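Here's target_32.txt, which has compact mmCIF, C-alpha atoms:
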# COMPACT_ATOMS: atom_id res chain seq x y z
CA MET A 215 136.83 70.91 29.20
CA ILE A 216 137.73 67.48 30.53
CA VAL A 217 137.84 64.97 27.67
CA ILE A 218 137.11 61.28 28.24
CA GLY A 219 138.06 59.20 25.21
CA GLU A 220 135.26 56.78 24.34
CA LYS A 221 136.71 54.48 21.69
CA ILE A 222 137.69 51.44 23.80
CA ASN A 223 134.15 50.17 24.17
CA GLY A 224 132.97 46.69 23.25
CA ALA A 225 129.56 48.10 22.28
CA ILE A 226 131.27 49.44 19.15
CA PRO A 227 131.10 46.47 16.73
CA SER A 228 134.72 46.63 15.52
CA VAL A 229 135.99 46.95 19.10
CA GLY A 230 133.74 44.15 20.30
CA GLU A 231 135.17 41.87 17.62
CA ALA A 232 138.72 42.85 18.58
CA ILE A 233 138.01 42.07 22.25
CA ALA A 234 136.46 38.70 21.35
CA ARG A 235 139.56 37.63 19.41
CA ARG A 236 141.92 39.32 21.93
CA ASP A 237 143.45 41.50 19.23
CA GLU A 238 146.07 43.32 21.28
CA LYS A 239 147.41 45.32 18.32
CA PHE A 240 143.96 46.74 17.56
CA ILE A 241 143.42 47.90 21.16
CA ARG A 242 146.92 49.37 21.45
CA ASP A 243 146.29 51.38 18.29
CA LEU A 244 143.04 52.78 19.75
CA VAL A 245 144.88 53.76 22.92
CA ARG A 246 147.73 55.50 21.08
CA ARG A 247 145.48 57.42 18.71
CA GLN A 248 143.34 58.84 21.50
CA VAL A 249 146.29 59.73 23.71
CA GLU A 250 148.08 61.45 20.81
CA VAL A 251 145.09 63.73 20.21
CA GLY A 252 145.00 64.64 23.89
CA ILE A 253 142.59 63.32 26.50
CA ASP A 254 142.24 63.48 30.28
CA TYR A 255 140.78 60.01 30.84
CA LEU A 256 140.57 56.88 28.73
CA ASP A 257 137.25 55.07 29.02
CA VAL A 258 137.62 51.28 29.10
CA CYS A 259 134.45 49.25 28.67
CA ALA A 260 134.30 45.56 27.77
CA GLY A 261 130.69 45.69 26.60
CA THR A 262 130.45 41.89 26.63
CA SER A 263 128.04 39.39 28.14
CA ALA A 264 127.98 39.19 31.95
CA ASP A 265 129.83 35.86 32.07
CA LYS A 266 132.72 37.20 29.97
CA GLU A 267 132.95 40.78 31.19
CA LEU A 268 135.38 40.39 34.09
CA GLU A 269 138.01 38.54 32.06
CA ALA A 270 137.63 40.90 29.10
CA LEU A 271 137.85 44.05 31.23
CA ASN A 272 140.94 42.77 33.05
CA TRP A 273 142.57 42.11 29.66
CA LEU A 274 141.67 45.60 28.39
CA ILE A 275 143.00 47.27 31.53
CA ASP A 276 146.31 45.42 31.30
CA ILE A 277 146.80 46.25 27.62
CA THR A 278 145.83 49.89 28.10
CA GLN A 279 148.07 50.45 31.13
CA SER A 280 151.04 48.91 29.35
CA GLU A 281 150.59 51.50 26.60
CA THR A 282 149.85 54.71 28.54
CA ASP A 283 149.83 56.32 32.00
CA THR A 284 146.69 58.30 31.11
CA PRO A 285 144.14 57.79 33.93
CA LEU A 286 141.45 55.25 33.12
CA CYS A 287 137.69 55.62 33.30
CA ILE A 288 136.57 52.13 34.37
CA ASP A 289 133.20 51.59 32.73
CA SER A 290 130.70 48.85 33.55
CA PRO A 291 126.99 48.67 34.38
CA ASN A 292 127.92 46.09 37.02
CA VAL A 293 129.47 47.69 40.09
CA ARG A 294 130.63 44.28 41.34
CA ILE A 295 132.76 43.98 38.19
CA ILE A 296 134.18 47.44 38.86
CA LYS A 297 135.03 46.42 42.42
CA ASP A 298 136.78 43.27 41.17
CA VAL A 299 138.96 45.04 38.58
CA TRP A 300 139.62 48.17 40.66
CA PRO A 301 142.76 46.85 42.46
CA ARG A 302 144.30 46.15 39.04
CA VAL A 303 144.32 49.83 38.08
CA LYS A 304 147.66 51.53 38.78
CA ASN A 305 146.68 55.22 38.83
CA CYS A 306 143.66 56.91 40.40
CA GLY A 307 141.09 57.56 37.72
CA LEU A 308 137.36 57.74 37.19
CA ILE A 309 134.63 55.17 37.82
CA ASN A 310 131.68 55.00 35.44
CA SER A 311 129.27 54.83 37.24
CA VAL A 312 126.96 54.98 40.24
CA SER A 313 123.31 56.03 40.39
CA GLY A 314 120.30 55.86 42.66
CA GLU A 315 119.63 52.29 41.51
CA GLY A 316 120.10 49.33 43.85
CA GLU A 317 123.36 48.99 45.78
CA LYS A 318 125.63 50.90 43.41
CA CYS A 319 126.57 53.68 45.81
CA GLU A 320 126.98 51.26 48.70
CA VAL A 321 129.52 49.25 46.68
CA ILE A 322 131.53 52.05 45.07
CA PHE A 323 131.59 54.81 47.70
CA PRO A 324 133.29 52.71 50.42
CA LEU A 325 135.80 51.56 47.78
CA ILE A 326 136.99 55.07 46.87
CA LYS A 327 136.35 57.03 50.07
CA ASP A 328 139.99 57.30 51.20
CA THR A 329 141.47 57.69 47.72
CA GLU A 330 141.74 60.32 45.00
CA TRP A 331 139.44 58.41 42.67
CA LYS A 332 136.55 60.28 41.06
CA VAL A 333 133.16 58.93 40.05
CA ILE A 334 130.44 59.58 37.48
CA ALA A 335 126.97 59.68 39.06
CA LEU A 336 123.91 59.21 36.85
CA THR A 337 120.63 60.97 37.59
CA CYS A 338 118.48 57.85 37.55
CA ASP A 339 117.04 55.58 40.21
CA SER A 340 114.75 52.56 40.54
CA GLU A 341 112.04 54.54 38.75
CA GLY A 342 114.24 54.96 35.67
CA ILE A 343 115.50 58.10 33.94
CA PRO A 344 113.38 61.14 34.80
CA GLU A 345 112.33 63.58 32.10
CA THR A 346 112.13 66.75 34.20
CA ALA A 347 115.01 68.88 35.43
CA LYS A 348 113.44 69.00 38.91
CA GLN A 349 113.64 65.22 39.25
CA LYS A 350 117.20 65.04 37.88
CA ILE A 351 118.35 67.74 40.31
CA LYS A 352 116.71 65.92 43.23
CA ILE A 353 118.51 62.66 42.40
CA ALA A 354 121.83 64.46 41.91
CA ASP A 355 121.47 66.16 45.29
CA LYS A 356 120.79 62.81 46.98
CA LEU A 357 123.83 61.19 45.37
CA ILE A 358 126.14 64.06 46.33
CA LYS A 359 124.89 63.99 49.94
CA LYS A 360 125.24 60.21 50.08
CA ALA A 361 128.84 60.53 48.88
CA ALA A 362 129.51 63.15 51.56
CA ALA A 363 128.62 60.54 54.19
CA TYR A 364 131.70 58.64 52.98
CA ASN A 365 133.84 61.83 53.07
CA ILE A 366 133.78 62.01 49.27
CA ASP A 367 133.84 65.70 48.36
CA ALA A 368 131.53 67.02 45.65
CA SER A 369 134.60 68.02 43.62
CA ARG A 370 135.27 64.31 43.02
CA ILE A 371 131.82 63.72 41.53
CA PHE A 372 130.83 64.07 37.88
CA ILE A 373 127.03 64.32 37.62
CA ASP A 374 125.57 63.06 34.34
CA PRO A 375 122.03 64.45 33.90
CA LEU A 376 121.38 61.77 31.24
CA VAL A 377 120.17 63.68 28.23
CA LEU A 378 117.30 61.98 26.40
CA SER A 379 116.78 61.57 22.66
CA LEU A 380 115.81 64.77 20.83
CA ALA A 381 113.66 62.76 18.43
CA ALA A 382 111.56 61.47 21.33
CA VAL A 383 111.69 64.39 23.80
CA ASN A 384 111.89 67.72 21.98
CA ASP A 385 112.81 69.81 25.01
CA CYS A 386 115.54 67.44 26.24
CA MET A 387 118.31 69.98 25.58
CA LEU A 388 116.56 72.66 27.62
CA THR A 389 116.03 70.16 30.45
CA PHE A 390 119.68 69.14 30.34
CA MET A 391 120.90 72.73 30.46
CA GLU A 392 118.59 73.62 33.34
CA SER A 393 119.77 70.53 35.22
CA VAL A 394 123.44 71.45 34.77
CA ARG A 395 122.92 75.04 35.88
CA GLU A 396 120.84 74.20 38.96
CA ILE A 397 123.03 71.30 40.10
CA LYS A 398 126.08 73.55 39.96
CA LYS A 399 124.23 76.26 41.88
CA LEU A 400 123.44 73.80 44.67
CA HIS A 401 126.91 72.25 44.64
CA PRO A 402 129.41 74.71 43.07
CA THR A 403 132.39 72.33 43.16
CA VAL A 404 130.65 69.36 41.54
CA LYS A 405 131.45 68.59 37.91
CA THR A 406 128.97 67.70 35.19
CA VAL A 407 129.46 65.33 32.29
CA SER A 408 127.65 63.75 29.36
CA GLY A 409 128.12 61.43 26.45
CA LEU A 410 127.03 63.12 23.25
CA SER A 411 125.43 60.39 21.18
CA ASN A 412 122.22 59.74 23.15
CA ILE A 413 120.66 63.04 22.13
CA SER A 414 120.89 62.28 18.40
CA TYR A 415 119.30 58.79 18.36
CA GLY A 416 116.64 58.70 15.66
CA MET A 417 117.84 61.91 14.02
CA PRO A 418 119.30 62.31 10.53
CA TYR A 419 122.82 63.76 10.25
CA ARG A 420 123.60 62.90 13.87
CA LYS A 421 127.03 64.49 13.70
CA ILE A 422 125.66 68.04 13.59
CA VAL A 423 123.20 67.39 16.43
CA ASN A 424 126.02 66.08 18.64
CA GLN A 425 128.28 68.98 17.73
CA ASN A 426 125.70 71.61 18.64
CA PHE A 427 124.76 69.72 21.80
CA LEU A 428 128.37 70.01 22.93
CA THR A 429 128.42 73.77 22.31
CA LEU A 430 125.14 74.40 24.14
CA ALA A 431 126.08 72.11 27.03
CA LEU A 432 129.41 73.90 27.51
CA SER A 433 127.60 77.24 27.56
CA ALA A 434 125.40 75.90 30.37
CA GLY A 435 128.46 74.95 32.41
CA MET A 436 129.15 71.31 31.52
CA ASP A 437 132.68 70.40 32.58
CA ALA A 438 133.41 67.11 30.79
CA ALA A 439 132.29 64.93 27.90
CA ILE A 440 132.73 61.33 26.83
CA ILE A 441 133.61 61.69 23.15
CA ASP A 442 135.59 60.35 20.22
CA PRO A 443 138.64 62.65 20.35
CA GLU A 444 139.49 61.85 16.73
CA LYS A 445 136.39 63.66 15.47
CA ARG A 446 138.12 66.82 14.39
CA ASP A 447 134.99 68.97 13.92
CA LEU A 448 133.85 68.09 17.43
CA ILE A 449 137.23 68.95 18.95
CA ALA A 450 137.27 72.21 16.98
CA SER A 451 133.84 73.09 18.37
CA MET A 452 135.06 72.39 21.90
CA TYR A 453 138.08 74.70 21.63
CA ALA A 454 136.11 77.42 19.82
CA THR A 455 133.30 77.36 22.38
CA GLU A 456 135.69 77.60 25.31
CA ALA A 457 137.38 80.59 23.66
CA LEU A 458 134.03 82.27 22.96
CA LEU A 459 132.97 81.74 26.57
CA HIS A 460 136.16 83.46 27.79
CA ARG A 461 137.55 80.27 29.28
CA ASP A 462 140.67 80.40 27.12
CA LYS A 463 142.81 83.44 27.91
CA HIS A 464 144.04 85.10 24.70
CA CYS A 465 142.73 82.01 22.83
CA ARG A 466 145.99 80.26 23.66
CA LYS A 467 144.55 76.74 23.88
CA TYR A 468 142.66 77.26 20.63
CA GLY A 469 145.77 78.45 18.81
CA LYS A 470 147.95 75.69 20.24
CA ALA A 471 145.43 72.99 19.26
CA PHE A 472 145.27 74.35 15.72
CA ARG A 473 149.06 74.43 15.41
CA GLN A 474 149.20 70.84 16.67
CA ASN A 475 146.77 69.85 13.91
CA LYS A 476 144.04 68.70 16.32
CA PHE A 477 141.48 70.28 14.02
CA GLY A 478 141.30 72.31 10.83
CA PRO A 479 142.73 71.21 7.47
CA VAL A 480 144.44 67.84 7.59
CA LYS A 481 148.17 68.22 6.97
CA GLU A 482 149.56 66.13 4.15
CA LYS A 483 152.29 63.73 5.16
Could you write out this structure as structure tokens?
Amino acid sequence: MIVIGEKINGAIPSVGEAIARRDEKFIRDLVRRQVEVGIDYLDVCAGTSADKELEALNWLIDITQSETDTPLCIDSPNVRIIKDVWPRVKNCGLINSVSGEGEKCEVIFPLIKDTEWKVIALTCDSEGIPETAKQKIKIADKLIKKAAAYNIDASRIFIDPLVLSLAAVNDCMLTFMESVREIKKLHPTVKTVSGLSNISYGMPYRKIVNQNFLTLALSAGMDAAIIDPEKRDLIASMYATEALLHRDKHCRKYGKAFRQNKFGPVKEK
């Protein structure tokens, strides 16, 4: 599975405070800890007010790139901000995100069309987030075809079917799994992704809901997740599920991760 580290996000109170006071040491520590565990992309999101976002995101990108060569996942709800910071990024990474709303595709797709950049595409449009798998699949298909018009191959797209809250929509997991399966049937090379926390809003013991969501989503064919890579139980579930699904020959990745202390009993120092 492709792991996108989620911890550099101003929406997290402690991170937001660190960004506000430009605490470089705090951010560098978050970068190092996630990279040491092992991630494929490092999400960078300022999570600040609109008038401060550009400056804050530029600062985060500079700090992060001076600490690691791990590809970045540039994260902002404002595609104009993404366009402004994009030239600052040294290595091709992942953009988070486009959708069927407004001009998002028209801003981002021309930007990345002749590059190796990848993009997360959300299954929502001007009508909001649909509840049915049929609607999610329809939006995903439109976004993939729109990207193709810019010569952006489906293999560079990560579709996020936007799982809803289990407390509010009891069949949201079934809808998500159906969406993943059908989208990948229509477009076999496309990737699918999700953050884990949305599904557990309003639920007690959210950790176990998120953990089981990850396992079920992987079994449906999800390729990537935006997660906290320091959550050892979650990482253990990821490796175990991939081994159980026969995606880990001779359980080599599982065994290596255990030996490297990525999960299991914490080694005393």
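Nearest-residue note for A:Lys297: choosing from A:Gly314, A:Arg420, A:Val321, A:Ala260, the minimum distance belongs to A:Val321, counting all atoms listed in the file.
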So which one's closest to A:Lys348, A:Ile233, A:Val407, A:Met391, A:Leu428? Using only C-alpha atoms, please.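 Using only C-alpha atoms, A:Lys348 sits closest to A:Met391.
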Stretch 242-252 of chain A surroundings by only C-alpha atoms, 7 Å radius, close-in-sequence under 3 positions cut, as a short mmCIF file (atom, residue, chain, number, x, y, z; two decimals) with C-alpha atoms, keeping the file's coordinate frame:
data_model
loop_
_atom_site.label_atom_id
_atom_site.label_comp_id
_atom_site.auth_asym_id
_atom_site.auth_seq_id
_atom_site.Cartn_x
_atom_site.Cartn_y
_atom_site.Cartn_z
CA GLY A 219 138.06 59.20 25.21
CA LYS A 221 136.71 54.48 21.69
CA ILE A 222 137.69 51.44 23.80
CA GLU A 238 146.07 43.32 21.28
CA LYS A 239 147.41 45.32 18.32
CA ILE A 277 146.80 46.25 27.62
CA THR A 278 145.83 49.89 28.10
CA GLU A 281 150.59 51.50 26.60
CA PRO A 443 138.64 62.65 20.35
CA GLU A 444 139.49 61.85 16.73
CA LYS A 476 144.04 68.70 16.32
#
I'd like the neighbourhood of A:Thr337 as number ranges by chain, where a residue qualifies if any of its atoms comes within 8 Å (using all atoms listed in the file), though same-chain residues fewer than 3 positions away should be ignored. A: 313-314, 343-344, 350-351, 353-354, 373-376
Here's a test: counting only C-alpha atoms, identify every protein, DNA and RNA residue with an atom at most 12 Å from (137.3, 78.1, 31.4) in the file's coordinate frame, and state them as an mmCIF file with C-alpha atoms, keeping the file's coordinate frame.
data_model
loop_
_atom_site.group_PDB
_atom_site.id
_atom_site.type_symbol
_atom_site.label_atom_id
_atom_site.label_comp_id
_atom_site.auth_asym_id
_atom_site.auth_seq_id
_atom_site.Cartn_x
_atom_site.Cartn_y
_atom_site.Cartn_z
ATOM 1 C CA MET A 215 136.830 70.910 29.200
ATOM 2 C CA ILE A 216 137.730 67.480 30.530
ATOM 3 C CA LEU A 432 129.410 73.900 27.510
ATOM 4 C CA SER A 433 127.600 77.240 27.560
ATOM 5 C CA GLY A 435 128.460 74.950 32.410
ATOM 6 C CA MET A 436 129.150 71.310 31.520
ATOM 7 C CA ASP A 437 132.680 70.400 32.580
ATOM 8 C CA ALA A 438 133.410 67.110 30.790
ATOM 9 C CA MET A 452 135.060 72.390 21.900
ATOM 10 C CA TYR A 453 138.080 74.700 21.630
ATOM 11 C CA ALA A 454 136.110 77.420 19.820
ATOM 12 C CA THR A 455 133.300 77.360 22.380
ATOM 13 C CA GLU A 456 135.690 77.600 25.310
ATOM 14 C CA ALA A 457 137.380 80.590 23.660
ATOM 15 C CA LEU A 458 134.030 82.270 22.960
ATOM 16 C CA LEU A 459 132.970 81.740 26.570
ATOM 17 C CA HIS A 460 136.160 83.460 27.790
ATOM 18 C CA ARG A 461 137.550 80.270 29.280
ATOM 19 C CA ASP A 462 140.670 80.400 27.120
ATOM 20 C CA LYS A 463 142.810 83.440 27.910
ATOM 21 C CA HIS A 464 144.040 85.100 24.700
ATOM 22 C CA CYS A 465 142.730 82.010 22.830
ATOM 23 C CA ARG A 466 145.990 80.260 23.660
ATOM 24 C CA LYS A 467 144.550 76.740 23.880
#
For stretch 286-291 of chain A: contacts at 6 Å, all atoms listed in the file, fewer than 6 positions along chain excluded, given as a PyMOL selection string: chain A and resi 255-259+307-310
If you count all atoms listed in the file, which residues fall within 7 Å of stretch 369-371 of chain A, apart from same-chain ones fewer than 6 positions away, as a ChimeraX atom specification? /A:332-335,403-405
Show me, as a PyMOL selection string, the residues that have an atom within 10 Å of A:Lys445 when counting all atoms listed in the file, minus same-chain residues fewer than 4 positions from it. chain A and resi 251+421+425+441+449-450+476-477
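Using all atoms listed in the file, the nearest neighbour of A:His401 within the list A:Trp273, A:Phe372, A:Trp300, A:Phe427 is A:Phe372.
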Which residue of A:Ala431, A:Leu378, A:Ser414, A:Asp283 approaches A:Val394 most closely, using only C-alpha atoms: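 Under the stated criterion, the closest residue is A:Ala431.
Atom CA of A:Phe390 to atom CA of A:Ile413 spans 10.3 Å [interatomic distance, one decimal].
For the atom pair formed by atom CA of A:Asp254 and atom CA of A:Val217, the distance is 5.3 Å, given to one decimal.
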Using only C-alpha atoms: which of A:Asp447, A:Asp328, A:Glu315, A:Glu392 has the shortest distance to A:Gly342: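 Ranking A:Asp447, A:Asp328, A:Glu315, A:Glu392 by distance to A:Gly342, first place goes to A:Glu315.
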Which value, in Å to one decimal, gives the distance between atom CA of A:Ile253 and atom CA of A:Ser280? 16.9 Å
Nearest to A:Thr406: which of A:Ala362, A:Leu336, A:Leu448, A:Ala471 is it, counting only C-alpha atoms? A:Leu336
Given the point (132.4, 41.9, 24.9) in the file's coordinates, find the residues that have an atom at most 8 Å from it, counting only C-alpha atoms, and give them as an NGL selection string. :A and (224-225 or 230-231 or 233-234 or 260-263 or 266-267 or 270)
